[in-house]
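So this one's start_36.cif, mmCIF, N, CA and C atoms:
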data_work
#
loop_
_atom_site.label_atom_id
_atom_site.label_comp_id
_atom_site.auth_asym_id
_atom_site.auth_seq_id
_atom_site.Cartn_x
_atom_site.Cartn_y
_atom_site.Cartn_z
N MET A 274 15.30 -6.59 -28.28
CA MET A 274 14.25 -6.86 -27.31
C MET A 274 12.93 -7.07 -28.06
N GLU A 275 12.18 -8.04 -27.61
CA GLU A 275 10.91 -8.36 -28.23
C GLU A 275 9.89 -7.24 -27.96
N SER A 276 8.96 -7.06 -28.88
CA SER A 276 7.94 -6.02 -28.75
C SER A 276 6.98 -6.34 -27.60
N PHE A 277 6.26 -5.30 -27.16
CA PHE A 277 5.25 -5.50 -26.13
C PHE A 277 4.25 -6.56 -26.57
N ALA A 278 3.78 -6.46 -27.82
CA ALA A 278 2.78 -7.40 -28.34
C ALA A 278 3.31 -8.84 -28.26
N GLY A 279 4.54 -9.03 -28.68
CA GLY A 279 5.13 -10.36 -28.66
C GLY A 279 5.28 -10.91 -27.25
N ARG A 280 5.72 -10.06 -26.36
CA ARG A 280 5.90 -10.50 -24.97
C ARG A 280 4.55 -10.81 -24.33
N LEU A 281 3.53 -9.99 -24.61
CA LEU A 281 2.21 -10.24 -24.05
C LEU A 281 1.65 -11.55 -24.60
N ARG A 282 1.79 -11.76 -25.91
CA ARG A 282 1.32 -13.03 -26.50
C ARG A 282 2.02 -14.22 -25.85
N ASP A 283 3.34 -14.11 -25.64
CA ASP A 283 4.11 -15.20 -25.03
C ASP A 283 3.61 -15.52 -23.62
N VAL A 284 3.36 -14.46 -22.84
CA VAL A 284 2.89 -14.67 -21.47
C VAL A 284 1.52 -15.34 -21.48
N LEU A 285 0.62 -14.85 -22.32
CA LEU A 285 -0.73 -15.43 -22.38
C LEU A 285 -0.65 -16.90 -22.79
N LYS A 286 0.18 -17.20 -23.77
CA LYS A 286 0.32 -18.58 -24.24
C LYS A 286 0.90 -19.46 -23.14
N GLU A 287 1.95 -18.97 -22.49
CA GLU A 287 2.61 -19.74 -21.43
C GLU A 287 1.66 -20.02 -20.26
N ARG A 288 0.81 -19.06 -19.94
CA ARG A 288 -0.11 -19.21 -18.80
C ARG A 288 -1.46 -19.78 -19.21
N ASP A 289 -1.61 -20.02 -20.53
CA ASP A 289 -2.86 -20.56 -21.07
C ASP A 289 -4.05 -19.65 -20.78
N TYR A 290 -3.83 -18.34 -20.96
CA TYR A 290 -4.90 -17.35 -20.80
C TYR A 290 -5.41 -16.93 -22.17
N SER A 291 -6.68 -16.69 -22.26
CA SER A 291 -7.28 -16.20 -23.50
C SER A 291 -7.31 -14.67 -23.48
N GLN A 292 -7.64 -14.09 -24.62
CA GLN A 292 -7.78 -12.63 -24.70
C GLN A 292 -8.91 -12.18 -23.78
N ALA A 293 -9.98 -12.96 -23.73
CA ALA A 293 -11.12 -12.60 -22.86
C ALA A 293 -10.70 -12.61 -21.39
N GLN A 294 -9.88 -13.59 -20.99
CA GLN A 294 -9.40 -13.63 -19.61
C GLN A 294 -8.52 -12.42 -19.32
N LEU A 295 -7.67 -12.05 -20.28
CA LEU A 295 -6.83 -10.87 -20.12
C LEU A 295 -7.70 -9.64 -19.87
N CYS A 296 -8.77 -9.50 -20.62
CA CYS A 296 -9.67 -8.36 -20.46
C CYS A 296 -10.33 -8.36 -19.08
N ARG A 297 -10.80 -9.52 -18.63
CA ARG A 297 -11.43 -9.61 -17.31
C ARG A 297 -10.44 -9.29 -16.19
N MET A 298 -9.21 -9.78 -16.34
CA MET A 298 -8.21 -9.61 -15.28
C MET A 298 -7.71 -8.18 -15.19
N THR A 299 -7.70 -7.46 -16.31
CA THR A 299 -7.11 -6.13 -16.35
C THR A 299 -8.12 -5.00 -16.47
N GLY A 300 -9.32 -5.32 -16.91
CA GLY A 300 -10.33 -4.29 -17.11
C GLY A 300 -10.19 -3.56 -18.44
N ILE A 301 -9.29 -4.02 -19.31
CA ILE A 301 -9.16 -3.37 -20.62
C ILE A 301 -10.22 -3.93 -21.56
N THR A 302 -10.58 -3.14 -22.56
CA THR A 302 -11.61 -3.58 -23.50
C THR A 302 -11.04 -4.61 -24.46
N SER A 303 -11.94 -5.37 -25.06
CA SER A 303 -11.55 -6.37 -26.06
C SER A 303 -10.86 -5.71 -27.24
N SER A 304 -11.36 -4.54 -27.61
CA SER A 304 -10.77 -3.79 -28.72
C SER A 304 -9.33 -3.39 -28.42
N SER A 305 -9.09 -2.87 -27.21
CA SER A 305 -7.73 -2.49 -26.81
C SER A 305 -6.81 -3.70 -26.77
N ALA A 306 -7.30 -4.79 -26.18
CA ALA A 306 -6.49 -6.01 -26.10
C ALA A 306 -6.10 -6.49 -27.49
N SER A 307 -7.05 -6.45 -28.41
CA SER A 307 -6.78 -6.86 -29.78
C SER A 307 -5.70 -5.99 -30.42
N MET A 308 -5.79 -4.69 -30.20
CA MET A 308 -4.79 -3.76 -30.76
C MET A 308 -3.41 -4.02 -30.15
N TYR A 309 -3.37 -4.29 -28.83
CA TYR A 309 -2.10 -4.55 -28.16
C TYR A 309 -1.48 -5.85 -28.66
N LEU A 310 -2.30 -6.89 -28.76
CA LEU A 310 -1.79 -8.20 -29.17
C LEU A 310 -1.35 -8.23 -30.63
N SER A 311 -1.97 -7.41 -31.46
CA SER A 311 -1.59 -7.36 -32.88
C SER A 311 -0.39 -6.44 -33.12
N GLY A 312 -0.06 -5.64 -32.13
CA GLY A 312 1.05 -4.70 -32.28
C GLY A 312 0.65 -3.40 -32.95
N LYS A 313 -0.64 -3.21 -33.19
CA LYS A 313 -1.12 -1.99 -33.83
C LYS A 313 -1.12 -0.81 -32.86
N SER A 314 -1.10 -1.12 -31.57
CA SER A 314 -1.08 -0.09 -30.54
C SER A 314 -0.29 -0.61 -29.35
N THR A 315 0.35 0.29 -28.63
CA THR A 315 1.08 -0.07 -27.42
C THR A 315 0.48 0.73 -26.27
N PRO A 316 0.17 0.05 -25.16
CA PRO A 316 -0.44 0.76 -24.03
C PRO A 316 0.54 1.72 -23.36
N THR A 317 -0.01 2.64 -22.62
CA THR A 317 0.81 3.57 -21.85
C THR A 317 1.62 2.79 -20.81
N LYS A 318 2.62 3.42 -20.26
CA LYS A 318 3.46 2.77 -19.25
C LYS A 318 2.61 2.32 -18.06
N SER A 319 1.70 3.16 -17.62
CA SER A 319 0.88 2.79 -16.45
C SER A 319 -0.03 1.60 -16.77
N ARG A 320 -0.54 1.55 -17.99
CA ARG A 320 -1.38 0.40 -18.36
C ARG A 320 -0.54 -0.86 -18.52
N ARG A 321 0.69 -0.74 -19.05
CA ARG A 321 1.59 -1.90 -19.16
C ARG A 321 1.86 -2.46 -17.77
N ARG A 322 2.06 -1.56 -16.80
CA ARG A 322 2.31 -2.00 -15.42
C ARG A 322 1.08 -2.69 -14.83
N LYS A 323 -0.10 -2.16 -15.12
CA LYS A 323 -1.35 -2.76 -14.63
C LYS A 323 -1.52 -4.16 -15.23
N ILE A 324 -1.22 -4.30 -16.51
CA ILE A 324 -1.33 -5.61 -17.17
C ILE A 324 -0.34 -6.59 -16.56
N ALA A 325 0.89 -6.15 -16.37
CA ALA A 325 1.92 -7.02 -15.78
C ALA A 325 1.49 -7.48 -14.39
N LYS A 326 1.01 -6.55 -13.58
CA LYS A 326 0.60 -6.88 -12.21
C LYS A 326 -0.56 -7.87 -12.22
N ALA A 327 -1.54 -7.66 -13.10
CA ALA A 327 -2.70 -8.56 -13.18
C ALA A 327 -2.28 -9.97 -13.61
N LEU A 328 -1.20 -10.06 -14.39
CA LEU A 328 -0.71 -11.36 -14.85
C LEU A 328 0.26 -12.00 -13.85
N GLY A 329 0.46 -11.33 -12.71
CA GLY A 329 1.35 -11.88 -11.70
C GLY A 329 2.82 -11.67 -11.99
N LEU A 330 3.12 -10.70 -12.85
CA LEU A 330 4.49 -10.38 -13.20
C LEU A 330 4.95 -9.15 -12.43
N GLN A 331 6.24 -8.90 -12.43
CA GLN A 331 6.74 -7.67 -11.83
C GLN A 331 6.16 -6.49 -12.59
N ASP A 332 5.91 -5.39 -11.87
CA ASP A 332 5.31 -4.20 -12.48
C ASP A 332 6.00 -3.79 -13.77
N ASP A 333 7.32 -3.84 -13.76
CA ASP A 333 8.09 -3.35 -14.91
C ASP A 333 8.47 -4.45 -15.90
N TYR A 334 7.78 -5.58 -15.86
CA TYR A 334 8.11 -6.71 -16.73
C TYR A 334 8.21 -6.31 -18.20
N PHE A 335 7.27 -5.52 -18.67
CA PHE A 335 7.25 -5.16 -20.10
C PHE A 335 8.28 -4.09 -20.45
N GLU A 336 8.91 -3.49 -19.44
CA GLU A 336 9.97 -2.53 -19.70
C GLU A 336 11.35 -3.18 -19.66
N GLN A 337 11.41 -4.40 -19.15
CA GLN A 337 12.68 -5.09 -19.02
C GLN A 337 13.13 -5.67 -20.35
N GLY A 338 14.42 -5.90 -20.46
CA GLY A 338 14.99 -6.42 -21.71
C GLY A 338 15.13 -7.92 -21.76
N VAL A 339 14.52 -8.64 -20.82
CA VAL A 339 14.65 -10.09 -20.79
C VAL A 339 13.45 -10.72 -21.47
N ASP A 340 13.71 -11.55 -22.46
CA ASP A 340 12.63 -12.26 -23.14
C ASP A 340 12.09 -13.36 -22.25
N LEU A 341 10.83 -13.70 -22.43
CA LEU A 341 10.18 -14.72 -21.62
C LEU A 341 10.93 -16.05 -21.73
N ALA A 342 11.49 -16.36 -22.89
CA ALA A 342 12.21 -17.62 -23.08
C ALA A 342 13.42 -17.71 -22.17
N GLU A 343 13.94 -16.58 -21.73
CA GLU A 343 15.11 -16.56 -20.86
C GLU A 343 14.73 -16.64 -19.39
N VAL A 344 13.45 -16.57 -19.08
CA VAL A 344 12.98 -16.58 -17.70
C VAL A 344 12.50 -17.98 -17.36
N GLU A 345 12.83 -18.45 -16.17
CA GLU A 345 12.36 -19.76 -15.73
C GLU A 345 10.85 -19.68 -15.58
N THR A 346 10.11 -20.36 -16.45
CA THR A 346 8.67 -20.17 -16.55
C THR A 346 7.86 -20.84 -15.46
N ASP A 347 8.45 -21.79 -14.71
CA ASP A 347 7.66 -22.41 -13.65
C ASP A 347 7.73 -21.61 -12.35
N VAL A 348 8.48 -20.52 -12.36
CA VAL A 348 8.56 -19.65 -11.20
C VAL A 348 7.84 -18.35 -11.54
N ILE A 349 6.85 -18.02 -10.74
CA ILE A 349 6.12 -16.77 -10.97
C ILE A 349 6.17 -15.93 -9.71
N ASN A 350 5.85 -14.68 -9.86
CA ASN A 350 5.76 -13.77 -8.72
C ASN A 350 4.42 -14.03 -8.05
N LEU A 351 4.48 -14.69 -6.91
CA LEU A 351 3.27 -15.01 -6.15
C LEU A 351 2.76 -13.73 -5.50
N PRO A 352 1.53 -13.33 -5.78
CA PRO A 352 1.00 -12.10 -5.16
C PRO A 352 0.99 -12.18 -3.63
N VAL A 353 1.29 -11.08 -2.99
CA VAL A 353 1.34 -11.01 -1.52
C VAL A 353 0.03 -11.50 -0.92
N LYS A 354 -1.09 -11.09 -1.48
CA LYS A 354 -2.39 -11.48 -0.93
C LYS A 354 -2.58 -13.00 -0.96
N VAL A 355 -2.09 -13.63 -2.03
CA VAL A 355 -2.22 -15.09 -2.14
C VAL A 355 -1.33 -15.77 -1.11
N ALA A 356 -0.07 -15.31 -1.00
CA ALA A 356 0.84 -15.88 0.00
C ALA A 356 0.26 -15.74 1.40
N ALA A 357 -0.28 -14.57 1.71
CA ALA A 357 -0.87 -14.33 3.03
C ALA A 357 -2.04 -15.28 3.29
N ARG A 358 -2.92 -15.40 2.29
CA ARG A 358 -4.08 -16.28 2.46
C ARG A 358 -3.64 -17.73 2.66
N LEU A 359 -2.64 -18.19 1.89
CA LEU A 359 -2.15 -19.56 2.01
C LEU A 359 -1.51 -19.82 3.38
N MET A 360 -0.90 -18.78 3.95
CA MET A 360 -0.23 -18.91 5.25
C MET A 360 -1.17 -18.63 6.43
N GLY A 361 -2.36 -18.13 6.13
CA GLY A 361 -3.29 -17.77 7.21
C GLY A 361 -2.86 -16.51 7.94
N LYS A 362 -2.18 -15.62 7.23
CA LYS A 362 -1.68 -14.37 7.81
C LYS A 362 -2.25 -13.19 7.03
N SER A 363 -2.01 -11.99 7.53
CA SER A 363 -2.48 -10.79 6.82
C SER A 363 -1.45 -10.40 5.76
N PRO A 364 -1.90 -9.73 4.71
CA PRO A 364 -0.94 -9.22 3.71
C PRO A 364 0.09 -8.29 4.34
N GLU A 365 -0.32 -7.51 5.33
CA GLU A 365 0.60 -6.59 5.99
C GLU A 365 1.73 -7.37 6.69
N TRP A 366 1.39 -8.49 7.29
CA TRP A 366 2.38 -9.33 7.97
C TRP A 366 3.40 -9.84 6.96
N VAL A 367 2.91 -10.31 5.82
CA VAL A 367 3.81 -10.82 4.78
C VAL A 367 4.69 -9.69 4.24
N MET A 368 4.09 -8.53 3.95
CA MET A 368 4.87 -7.41 3.43
C MET A 368 5.95 -6.98 4.41
N GLN A 369 5.62 -6.94 5.70
CA GLN A 369 6.62 -6.54 6.70
C GLN A 369 7.76 -7.56 6.75
N GLY A 370 7.42 -8.84 6.70
CA GLY A 370 8.45 -9.87 6.70
C GLY A 370 9.36 -9.76 5.48
N LEU A 371 8.79 -9.44 4.33
CA LEU A 371 9.59 -9.25 3.12
C LEU A 371 10.48 -8.02 3.26
N LYS A 372 9.93 -6.94 3.81
CA LYS A 372 10.72 -5.72 4.03
C LYS A 372 11.88 -5.98 4.99
N ASP A 373 11.63 -6.79 6.02
CA ASP A 373 12.65 -7.08 7.03
C ASP A 373 13.65 -8.13 6.56
N GLY A 374 13.35 -8.78 5.43
CA GLY A 374 14.26 -9.78 4.90
C GLY A 374 14.27 -11.10 5.66
N VAL A 375 13.18 -11.43 6.34
CA VAL A 375 13.15 -12.65 7.15
C VAL A 375 12.64 -13.88 6.39
N PHE A 376 12.11 -13.69 5.21
CA PHE A 376 11.62 -14.82 4.43
C PHE A 376 12.61 -15.18 3.33
N PRO A 377 13.00 -16.45 3.24
CA PRO A 377 13.95 -16.86 2.20
C PRO A 377 13.31 -17.00 0.82
N TRP A 378 12.00 -16.83 0.73
CA TRP A 378 11.30 -17.04 -0.53
C TRP A 378 10.88 -15.75 -1.23
N GLY A 379 11.31 -14.61 -0.74
CA GLY A 379 10.94 -13.36 -1.41
C GLY A 379 11.71 -12.19 -0.88
N TYR A 380 11.45 -11.04 -1.47
CA TYR A 380 12.12 -9.81 -1.04
C TYR A 380 11.26 -8.61 -1.36
N ALA A 381 11.65 -7.48 -0.76
CA ALA A 381 10.97 -6.21 -1.00
C ALA A 381 12.02 -5.17 -1.35
N VAL A 382 11.68 -4.31 -2.29
CA VAL A 382 12.58 -3.25 -2.71
C VAL A 382 11.79 -1.95 -2.73
N LYS A 383 12.42 -0.89 -2.22
CA LYS A 383 11.75 0.40 -2.23
C LYS A 383 12.47 1.35 -3.17
N VAL A 384 11.77 1.72 -4.22
CA VAL A 384 12.24 2.76 -5.15
C VAL A 384 11.02 3.65 -5.35
N GLY A 385 10.88 4.64 -4.49
CA GLY A 385 9.66 5.45 -4.49
C GLY A 385 8.58 4.79 -3.65
N ARG A 386 8.18 3.61 -4.07
CA ARG A 386 7.21 2.84 -3.30
C ARG A 386 7.71 1.41 -3.21
N TRP A 387 7.15 0.64 -2.30
CA TRP A 387 7.59 -0.73 -2.10
C TRP A 387 7.10 -1.63 -3.23
N SER A 388 7.96 -2.52 -3.66
CA SER A 388 7.63 -3.53 -4.66
C SER A 388 8.03 -4.88 -4.05
N PHE A 389 7.20 -5.89 -4.23
CA PHE A 389 7.42 -7.18 -3.60
C PHE A 389 7.56 -8.28 -4.64
N PHE A 390 8.45 -9.23 -4.36
CA PHE A 390 8.58 -10.41 -5.20
C PHE A 390 8.61 -11.63 -4.30
N ILE A 391 7.73 -12.58 -4.61
CA ILE A 391 7.70 -13.85 -3.89
C ILE A 391 7.85 -14.94 -4.95
N SER A 392 8.95 -15.69 -4.86
CA SER A 392 9.18 -16.80 -5.79
C SER A 392 8.21 -17.93 -5.45
N SER A 393 7.37 -18.28 -6.41
CA SER A 393 6.40 -19.34 -6.16
C SER A 393 7.09 -20.66 -5.84
N ALA A 394 8.18 -20.96 -6.53
CA ALA A 394 8.90 -22.22 -6.30
C ALA A 394 9.54 -22.23 -4.92
N LYS A 395 10.21 -21.13 -4.54
CA LYS A 395 10.87 -21.05 -3.24
C LYS A 395 9.84 -21.06 -2.11
N PHE A 396 8.69 -20.39 -2.34
CA PHE A 396 7.63 -20.35 -1.33
C PHE A 396 7.19 -21.77 -1.00
N THR A 397 6.92 -22.56 -2.03
CA THR A 397 6.48 -23.95 -1.83
C THR A 397 7.60 -24.77 -1.19
N GLU A 398 8.82 -24.58 -1.68
CA GLU A 398 9.97 -25.33 -1.15
C GLU A 398 10.18 -25.04 0.34
N CYS A 399 10.11 -23.80 0.73
CA CYS A 399 10.40 -23.40 2.12
C CYS A 399 9.23 -23.62 3.08
N THR A 400 8.02 -23.44 2.61
CA THR A 400 6.86 -23.53 3.52
C THR A 400 6.16 -24.89 3.45
N GLY A 401 6.38 -25.60 2.34
CA GLY A 401 5.68 -26.86 2.13
C GLY A 401 4.25 -26.66 1.66
N ILE A 402 3.87 -25.41 1.42
CA ILE A 402 2.51 -25.09 0.99
C ILE A 402 2.47 -25.09 -0.54
N ARG A 403 1.63 -25.95 -1.10
CA ARG A 403 1.46 -25.99 -2.55
C ARG A 403 0.55 -24.83 -2.97
N ILE A 404 0.88 -24.25 -4.11
CA ILE A 404 0.12 -23.10 -4.60
C ILE A 404 -0.89 -23.58 -5.62
N PRO A 405 -2.17 -23.50 -5.29
CA PRO A 405 -3.20 -23.93 -6.25
C PRO A 405 -3.27 -22.95 -7.43
N THR A 406 -3.14 -23.49 -8.63
CA THR A 406 -3.16 -22.66 -9.83
C THR A 406 -4.44 -21.85 -9.91
N GLU A 407 -5.54 -22.43 -9.51
CA GLU A 407 -6.83 -21.73 -9.58
C GLU A 407 -6.84 -20.49 -8.68
N ALA A 408 -6.14 -20.55 -7.56
CA ALA A 408 -6.07 -19.39 -6.66
C ALA A 408 -5.34 -18.25 -7.34
N LEU A 409 -4.31 -18.57 -8.11
CA LEU A 409 -3.58 -17.53 -8.82
C LEU A 409 -4.44 -16.90 -9.88
N ARG A 410 -5.16 -17.71 -10.63
CA ARG A 410 -6.03 -17.16 -11.68
C ARG A 410 -7.13 -16.30 -11.07
N LYS A 411 -7.71 -16.75 -9.98
CA LYS A 411 -8.79 -16.01 -9.32
C LYS A 411 -8.26 -14.64 -8.85
N ASP A 412 -7.10 -14.64 -8.19
CA ASP A 412 -6.55 -13.38 -7.70
C ASP A 412 -6.14 -12.49 -8.84
N ALA A 413 -5.60 -13.08 -9.92
CA ALA A 413 -5.22 -12.27 -11.08
C ALA A 413 -6.46 -11.60 -11.68
N GLU A 414 -7.56 -12.35 -11.73
CA GLU A 414 -8.79 -11.77 -12.27
C GLU A 414 -9.33 -10.66 -11.37
N ASN A 415 -9.06 -10.78 -10.07
CA ASN A 415 -9.53 -9.77 -9.11
C ASN A 415 -8.51 -8.66 -8.90
N GLY A 416 -7.35 -8.73 -9.59
CA GLY A 416 -6.34 -7.68 -9.50
C GLY A 416 -5.56 -7.69 -8.19
N ALA A 417 -5.25 -8.88 -7.65
CA ALA A 417 -4.50 -8.97 -6.40
C ALA A 417 -3.10 -8.44 -6.56
N ALA A 418 -2.57 -7.87 -5.47
CA ALA A 418 -1.19 -7.35 -5.45
C ALA A 418 -0.26 -8.37 -4.89
#
Write-out of the structure in structure tokens:
Amino acid sequence: MESFAGRLRDVLKERDYSQAQLCRMTGITSSSASMYLSGKSTPTKSRRRKIAKALGLQDDYFEQGVDLAEVETDVINLPVKVAARLMGKSPEWVMQGLKDGVFPWGYAVKVGRWSFFISSAKFTECTGIRIPTEALRKDAENGAA
């Protein structure tokens, strides 16, 4: 399995994010980001989850054994808040629909707390709503769930 540093570098490169953008989106310092990216330090589990969430990945992305190269890169986890805004609905409405299993473009799983996944490709395919890349970056910078 690739190191945290390697996986983080791969995600940033794939999404065309800079170290400065990573810092703004996650609230981590430039010094910490530099240490993480160089492999000199590894963040705590809770910070890894915060970084993953800010990048629009599943909370446990950095704990999983799947390399980024094995993941279909044009499909991302669309944040619930973004999906709700694009549909003109509340985040609660979207979360309930995911919990009830009524949407073909995502799902919800409860292990302690609810976790949501919305396939960006399936969302667009099923709803006909195109996802503006800038909306994803804006929400990632604001820490959308």
Atom CA of A:Arg282 to atom CA of A:Thr397, straight-line distance in Å: 27.5 Å
Distance criterion (all atoms listed in the file): nearest to A:Glu336 out of A:Lys354, A:Phe277, A:Phe390, A:Tyr380: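 Counting all atoms listed in the file, the residue closest to A:Glu336 is A:Phe277.
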Residues in the PyMOL selection byres ((chain A and resi 395) around 8), expressed as a list of chain:residue names: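 Selected by the PyMOL selection byres ((chain A and resi 395) around 8) in this file: A:Val348, A:Ile349, A:Pro377, A:Trp378, A:Gly379, A:Ile391, A:Ser392, A:Ser393, A:Ala394, A:Phe396, A:Thr397, A:Glu398, A:Cys399, A:Thr400, A:Gly401.
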DSSP-assigned helix (DSSP H, G or I) members of stretch 278-331 of chain A, reported as number ranges by chain: A: 278-288, 292-299, 303-311, 318-327
Coordinates-based distance that separates atom CA of A:Arg297 from atom CA of A:Arg386 (Å, one decimal): 26.4 Å
Atom pair atom CA of A:Lys383 / atom CA of A:Cys296: separation (Å):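 Separation of atom CA of A:Lys383 and atom CA of A:Cys296: 29.5 Å.
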Residue members of the PyMOL selection byres ((chain A and resi 310-324) around 7) in the file shown, as a JSON list (two decimals) with N, CA and C atoms, in the coordinates of the input:
[["chain", "number", "residue", "atom", "x", "y", "z"],
["A", 277, "PHE", "N", 6.26, -5.30, -27.16],
["A", 277, "PHE", "CA", 5.25, -5.50, -26.13],
["A", 277, "PHE", "C", 4.25, -6.56, -26.57],
["A", 278, "ALA", "N", 3.78, -6.46, -27.82],
["A", 278, "ALA", "CA", 2.78, -7.40, -28.34],
["A", 278, "ALA", "C", 3.31, -8.84, -28.26],
["A", 279, "GLY", "N", 4.54, -9.03, -28.68],
["A", 279, "GLY", "CA", 5.13, -10.36, -28.66],
["A", 279, "GLY", "C", 5.28, -10.91, -27.25],
["A", 281, "LEU", "N", 3.53, -9.99, -24.61],
["A", 281, "LEU", "CA", 2.21, -10.24, -24.05],
["A", 281, "LEU", "C", 1.65, -11.55, -24.60],
["A", 282, "ARG", "N", 1.79, -11.76, -25.91],
["A", 282, "ARG", "CA", 1.32, -13.03, -26.50],
["A", 282, "ARG", "C", 2.02, -14.22, -25.85],
["A", 299, "THR", "N", -7.70, -7.46, -16.31],
["A", 299, "THR", "CA", -7.11, -6.13, -16.35],
["A", 299, "THR", "C", -8.12, -5.00, -16.47],
["A", 305, "SER", "N", -9.09, -2.87, -27.21],
["A", 305, "SER", "CA", -7.73, -2.49, -26.81],
["A", 305, "SER", "C", -6.81, -3.70, -26.77],
["A", 306, "ALA", "N", -7.30, -4.79, -26.18],
["A", 306, "ALA", "CA", -6.49, -6.01, -26.10],
["A", 306, "ALA", "C", -6.10, -6.49, -27.49],
["A", 307, "SER", "N", -7.05, -6.45, -28.41],
["A", 307, "SER", "CA", -6.78, -6.86, -29.78],
["A", 307, "SER", "C", -5.70, -5.99, -30.42],
["A", 308, "MET", "N", -5.79, -4.69, -30.20],
["A", 308, "MET", "CA", -4.79, -3.76, -30.76],
["A", 308, "MET", "C", -3.41, -4.02, -30.15],
["A", 309, "TYR", "N", -3.37, -4.29, -28.83],
["A", 309, "TYR", "CA", -2.10, -4.55, -28.16],
["A", 309, "TYR", "C", -1.48, -5.85, -28.66],
["A", 325, "ALA", "N", 0.89, -6.15, -16.37],
["A", 325, "ALA", "CA", 1.92, -7.02, -15.78],
["A", 325, "ALA", "C", 1.49, -7.48, -14.39],
["A", 326, "LYS", "N", 1.01, -6.55, -13.58],
["A", 326, "LYS", "CA", 0.60, -6.88, -12.21],
["A", 326, "LYS", "C", -0.56, -7.87, -12.22],
["A", 327, "ALA", "N", -1.54, -7.66, -13.10],
["A", 327, "ALA", "CA", -2.70, -8.56, -13.18],
["A", 327, "ALA", "C", -2.28, -9.97, -13.61],
["A", 328, "LEU", "N", -1.20, -10.06, -14.39],
["A", 328, "LEU", "CA", -0.71, -11.36, -14.85],
["A", 328, "LEU", "C", 0.26, -12.00, -13.85],
["A", 329, "GLY", "N", 0.46, -11.33, -12.71],
["A", 329, "GLY", "CA", 1.35, -11.88, -11.70],
["A", 329, "GLY", "C", 2.82, -11.67, -11.99],
["A", 330, "LEU", "N", 3.12, -10.70, -12.85],
["A", 330, "LEU", "CA", 4.49, -10.38, -13.20],
["A", 330, "LEU", "C", 4.95, -9.15, -12.43],
["A", 331, "GLN", "N", 6.24, -8.90, -12.43],
["A", 331, "GLN", "CA", 6.74, -7.67, -11.83],
["A", 331, "GLN", "C", 6.16, -6.49, -12.59],
["A", 332, "ASP", "N", 5.91, -5.39, -11.87],
["A", 332, "ASP", "CA", 5.31, -4.20, -12.48],
["A", 332, "ASP", "C", 6.00, -3.79, -13.77],
["A", 333, "ASP", "N", 7.32, -3.84, -13.76],
["A", 333, "ASP", "CA", 8.09, -3.35, -14.91],
["A", 333, "ASP", "C", 8.47, -4.45, -15.90],
["A", 334, "TYR", "N", 7.78, -5.58, -15.86],
["A", 334, "TYR", "CA", 8.11, -6.71, -16.73],
["A", 334, "TYR", "C", 8.21, -6.31, -18.20],
["A", 335, "PHE", "N", 7.27, -5.52, -18.67],
["A", 335, "PHE", "CA", 7.25, -5.16, -20.10],
["A", 335, "PHE", "C", 8.28, -4.09, -20.45]]
Among listed residues A:Gly385, A:Ser304, A:Pro405, A:Ser276, nearest A:Val355 (using only C-alpha atoms):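 For A:Val355, the nearest of the given residues is A:Pro405.
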Strand (DSSP E) call set, DSSP backbone run, chain A, as a PyMOL selection string: chain A and resi 379-384+386-391
Extending 8 Å beyond the listed atoms of stretch 388-393 of chain A on each side, what axis-aligned box results? I want centre and edge lengths in Å to one decimal, as AutoDock Vina command-line options.
--center_x 7.8 --center_y -11.6 --center_z -5.0 --size_x 18.8 --size_y 34.1 --size_z 18.8
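Counting all atoms listed in the file, the residue from A:Phe389, A:Leu295, A:Asp289, A:Ser303 that sits nearest to A:Pro352 is A:Phe389.
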